[in-house]
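Undergrad: Input model03.txt, format and content: compact mmCIF, C-alpha atoms.
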# COMPACT_ATOMS: atom_id res chain seq x y z
CA GLY A 1 158.31 133.17 -47.50
CA LYS A 2 157.93 135.57 -50.34
CA ARG A 3 161.21 134.59 -52.02
CA LEU A 4 161.84 138.23 -52.84
CA ARG A 5 165.61 137.91 -52.87
CA PRO A 6 165.83 135.14 -55.49
CA MET A 7 163.14 136.89 -57.54
CA LEU A 8 165.31 139.99 -57.53
CA THR A 9 168.25 137.91 -58.72
CA ILE A 10 166.28 136.53 -61.67
CA ALA A 11 164.68 139.90 -62.43
CA THR A 12 167.99 141.75 -62.56
CA ALA A 13 169.54 139.02 -64.72
CA SER A 14 166.53 139.20 -67.05
CA MET A 15 167.17 142.89 -67.62
CA PHE A 16 170.34 141.99 -69.53
CA LEU A 17 169.75 138.47 -70.89
CA LYS A 18 168.59 137.56 -74.34
CA ASP A 19 166.65 134.33 -75.01
CA GLY A 20 168.88 131.27 -74.74
CA ASP A 21 171.78 133.03 -72.97
CA LYS A 22 173.91 130.82 -70.74
CA GLY A 23 173.68 133.48 -68.03
CA PHE A 24 170.17 132.32 -67.13
CA ASP A 25 171.56 129.07 -65.68
CA ASP A 26 173.97 131.06 -63.52
CA ALA A 27 171.17 133.41 -62.47
CA VAL A 28 169.11 130.42 -61.30
CA ARG A 29 172.09 129.06 -59.33
CA PHE A 30 172.65 132.46 -57.73
CA ALA A 31 168.94 132.81 -56.94
CA ALA A 32 168.92 129.40 -55.25
CA ALA A 33 172.12 130.26 -53.37
CA VAL A 34 170.61 133.53 -52.17
CA GLU A 35 167.47 131.76 -50.97
CA PHE A 36 169.53 129.08 -49.18
CA MET A 37 171.62 131.79 -47.53
CA HIS A 38 168.49 133.63 -46.44
CA ASN A 39 166.89 130.52 -44.96
CA ALA A 40 170.13 129.61 -43.18
CA THR A 41 170.19 133.04 -41.55
CA LEU A 42 166.57 132.64 -40.45
CA LEU A 43 167.30 129.27 -38.84
CA HIS A 44 170.35 130.67 -37.04
CA ASP A 45 168.55 133.89 -36.08
CA ASP A 46 165.67 131.99 -34.48
CA VAL A 47 168.12 130.01 -32.34
CA VAL A 48 170.04 133.14 -31.28
CA ASP A 49 166.83 135.09 -30.55
CA GLU A 50 165.14 132.06 -28.97
CA SER A 51 162.16 132.72 -31.26
CA LYS A 52 159.13 130.54 -30.87
CA MET A 53 157.38 131.56 -34.11
CA ARG A 54 158.42 132.22 -37.71
CA ARG A 55 155.86 133.48 -40.23
CA GLY A 56 152.97 132.60 -37.95
CA LYS A 57 154.09 128.99 -37.42
CA PRO A 58 156.32 127.31 -34.86
CA ALA A 59 159.96 128.09 -35.60
CA ALA A 60 162.05 125.15 -36.77
CA ARG A 61 163.91 125.20 -33.45
CA MET A 62 160.60 124.56 -31.67
CA VAL A 63 159.85 121.58 -33.92
CA TRP A 64 163.28 119.97 -34.33
CA GLY A 65 165.42 121.66 -31.66
CA ASN A 66 168.31 124.09 -31.69
CA GLN A 67 170.97 121.60 -32.74
CA ALA A 68 169.10 120.49 -35.85
CA SER A 69 168.26 124.10 -36.75
CA VAL A 70 171.90 125.18 -36.56
CA LEU A 71 173.12 122.14 -38.50
CA VAL A 72 170.50 122.54 -41.23
CA GLY A 73 171.39 126.23 -41.46
CA ASP A 74 175.05 125.28 -41.85
CA PHE A 75 174.12 122.71 -44.50
CA LEU A 76 172.15 125.34 -46.44
CA LEU A 77 175.12 127.71 -46.34
CA GLY A 78 177.39 124.96 -47.61
CA GLN A 79 175.00 124.18 -50.45
CA ALA A 80 174.71 127.86 -51.30
CA PHE A 81 178.47 128.16 -51.65
CA LEU A 82 178.64 125.00 -53.77
CA MET A 83 176.07 126.48 -56.16
CA MET A 84 178.05 129.70 -56.34
CA VAL A 85 181.25 127.82 -57.15
CA GLU A 86 179.48 125.94 -59.97
CA THR A 87 179.13 129.25 -61.82
CA ARG A 88 182.92 129.78 -61.76
CA ASN A 89 182.24 133.50 -61.32
CA LEU A 90 184.73 134.64 -58.68
CA ASP A 91 183.42 138.21 -58.62
CA ALA A 92 179.91 137.04 -57.80
CA LEU A 93 181.26 134.54 -55.27
CA GLU A 94 183.10 137.43 -53.59
CA ILE A 95 179.91 139.53 -53.45
CA LEU A 96 177.86 136.74 -51.87
CA SER A 97 180.69 135.77 -49.49
CA LYS A 98 180.99 139.38 -48.32
CA ALA A 99 177.22 139.52 -47.84
CA ALA A 100 177.37 136.40 -45.65
CA THR A 101 180.09 138.03 -43.55
CA ILE A 102 178.18 141.32 -43.24
CA ILE A 103 175.03 139.46 -42.19
CA ALA A 104 176.93 137.60 -39.45
CA GLU A 105 178.54 140.85 -38.27
CA GLY A 106 175.09 142.48 -38.17
CA GLU A 107 173.75 139.64 -36.05
CA VAL A 108 176.64 139.97 -33.59
CA PHE A 109 176.18 143.76 -33.47
CA GLN A 110 172.45 143.35 -32.83
CA LEU A 111 173.20 140.86 -30.07
CA SER A 112 175.56 143.37 -28.44
CA LYS A 113 172.82 146.02 -28.50
CA ILE A 114 170.09 143.95 -26.84
CA VAL A 115 170.96 145.18 -23.35
CA ASP A 116 172.19 148.62 -24.45
CA LEU A 117 169.63 151.23 -23.43
CA ASP A 118 171.50 153.82 -25.50
CA THR A 119 170.88 152.05 -28.81
CA SER A 120 170.31 154.74 -31.42
CA ALA A 121 168.43 154.99 -34.68
CA LYS A 122 171.85 154.90 -36.35
CA ASP A 123 172.54 151.56 -34.61
CA TYR A 124 169.19 150.20 -35.80
CA ASP A 125 169.94 151.35 -39.35
CA LEU A 126 173.30 149.55 -39.21
CA VAL A 127 171.55 146.35 -38.13
CA ILE A 128 168.98 146.45 -40.95
CA ARG A 129 171.60 147.39 -43.52
CA SER A 130 173.70 144.44 -42.35
CA LYS A 131 171.05 141.80 -41.76
CA THR A 132 168.52 142.59 -44.49
CA ALA A 133 169.81 145.08 -47.03
CA ALA A 134 173.15 143.29 -47.56
CA LEU A 135 171.48 140.20 -49.03
CA PHE A 136 169.07 142.25 -51.16
CA GLU A 137 172.08 144.15 -52.50
CA ALA A 138 174.03 140.98 -53.23
CA ALA A 139 171.00 139.34 -54.88
CA THR A 140 170.56 142.21 -57.33
CA LYS A 141 174.29 142.52 -58.05
CA VAL A 142 174.89 138.86 -58.83
CA GLY A 143 171.72 138.65 -60.91
CA ALA A 144 172.88 141.55 -63.03
CA MET A 145 176.35 140.00 -63.29
CA ALA A 146 174.86 136.68 -64.45
CA GLY A 147 172.93 138.60 -67.09
CA GLY A 148 176.11 140.18 -68.40
CA ALA A 149 175.71 143.70 -66.97
CA ASP A 150 178.72 145.98 -66.90
CA ALA A 151 180.22 147.07 -63.56
CA LYS A 152 178.38 150.41 -63.53
CA SER A 153 175.01 148.68 -64.06
CA TYR A 154 175.46 145.92 -61.48
CA LYS A 155 176.70 148.43 -58.90
CA ALA A 156 173.67 150.66 -59.55
CA LEU A 157 171.34 147.68 -59.20
CA GLY A 158 173.17 146.70 -56.02
CA LEU A 159 172.40 150.14 -54.56
CA TYR A 160 168.77 149.69 -55.59
CA GLY A 161 168.72 146.29 -53.88
CA ALA A 162 170.28 147.69 -50.70
CA GLU A 163 167.73 150.48 -50.44
CA LEU A 164 164.87 148.13 -51.28
CA GLY A 165 166.05 145.77 -48.51
CA ARG A 166 166.25 148.65 -46.07
CA ALA A 167 162.72 149.78 -46.96
CA PHE A 168 161.47 146.18 -46.73
CA GLN A 169 162.84 145.83 -43.20
CA LEU A 170 161.44 149.18 -42.09
CA VAL A 171 157.96 148.19 -43.31
CA ARG A 172 158.27 144.76 -41.63
CA SER A 173 159.34 146.44 -38.38
CA GLU A 174 156.32 148.75 -38.54
CA GLU A 175 153.99 145.79 -39.21
CA HIS A 176 155.53 143.89 -36.30
CA THR A 177 155.13 146.90 -33.97
CA SER A 178 151.47 147.32 -35.01
CA GLU A 179 150.87 143.60 -34.44
CA LEU A 180 152.38 143.77 -30.94
CA GLN A 181 150.31 146.83 -30.05
CA SER A 182 147.07 145.09 -31.10
CA HIS A 183 147.62 142.27 -28.62
Show how you would write the structure in this file as structure tokens.
TA:
Amino acid sequence: GKRLRPMLTIATASMFLKDGDKGFDDAVRFAAAVEFMHNATLLHDDVVDESKMRRGKPAARMVWGNQASVLVGDFLLGQAFLMMVETRNLDALEILSKAATIIAEGEVFQLSKIVDLDTSAKDYDLVIRSKTAALFEAATKVGAMAGGADAKSYKALGLYGAELGRAFQLVRSEEHTSELQSH
């Protein structure tokens, strides 16, 4: 992976931190939590979608099975939440917890649309905002919070993260479509 989400967390924290600030430790914890959350969603997503490949290699479910993939995903989520709690920042914990909920809701919504021939562009946008943009948004918000940003700044960076995540998913979808058409 590219580790874009944790890099965004560190980058947004760095916008507000001065050398030696305690906030850097929290930013690292949040970045690790974001990456663990992301990887947990990938493990779960591959099981739900019955994916055979992930990033050009056999998906974990193909190597270790569905049960192990789900359990490791659950373990990663648990670890992510432990790291969040270590920061003692309830506002950031709330942001990341909400993101986890939105991601799960997006997955369920996408699952409900698989057999729906009337799925619209609006439905697709809801899926990418839920499954991809929500974690980008949370990553930028909690990074800024760890750096000491005020509410206006971390909300603005959250909007930036959400739109960046949306754009990222649209580009990935286009690359995937082009790849399928070339085969």
Undergrad: Set the distance at 10 Å and use all atoms listed in the file: which residues neighbour Tyr160 of chain A once local chain neighbours fewer than 5 positions away are removed? I'd like the list as a PyMOL selection string.
TA: chain A and resi 133+136-137+140-141+154-155+165-166
Undergrad: Can you tell me which residues surround His44 of chain A at a distance of at most 10 Å, considering only C-alpha atoms, apart from same-chain residues fewer than 3 positions away, and format the answer as a PyMOL selection string?
TA: chain A and resi 39-41+47-50+60-61+66+69-74+104+107
Undergrad: Kindly give the distance, in Å, that separates atom CA of Glu163 of chain A and atom CA of Asp46 of chain A, rounded to a single decimal.
TA: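 It comes out at 24.5 Å.
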Undergrad: May I have the residues within 10 Å of Ile102 of chain A as a ChimeraX atom specification, using only C-alpha atoms and disregarding those fewer than 2 positions away in the same chain?
TA: /A:96-100,104-108,127,129-135
Undergrad: Just give me the gap between atom CA of Leu93 of chain A and atom CA of Val142 of chain A in Å, one decimal is fine.
TA: 8.5 Å
Undergrad: How far is it from atom CA of Gly65 of chain A to atom CA of Asp45 of chain A, in Å with one decimal?
TA: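 Between atom CA of Gly65 of chain A and atom CA of Asp45 of chain A the gap is 13.4 Å.
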Undergrad: To box segment 85-103 of chain A, take all atoms listed in the file, fit an axis-aligned box, add 4 Å on each side, and give centre and edge lengths in Å to one decimal, as lines of an AutoDock Vina configuration file.
TA:
center_x = 179.9
center_y = 133.6
center_z = -52.0
size_x = 17.7
size_y = 23.4
size_z = 27.6
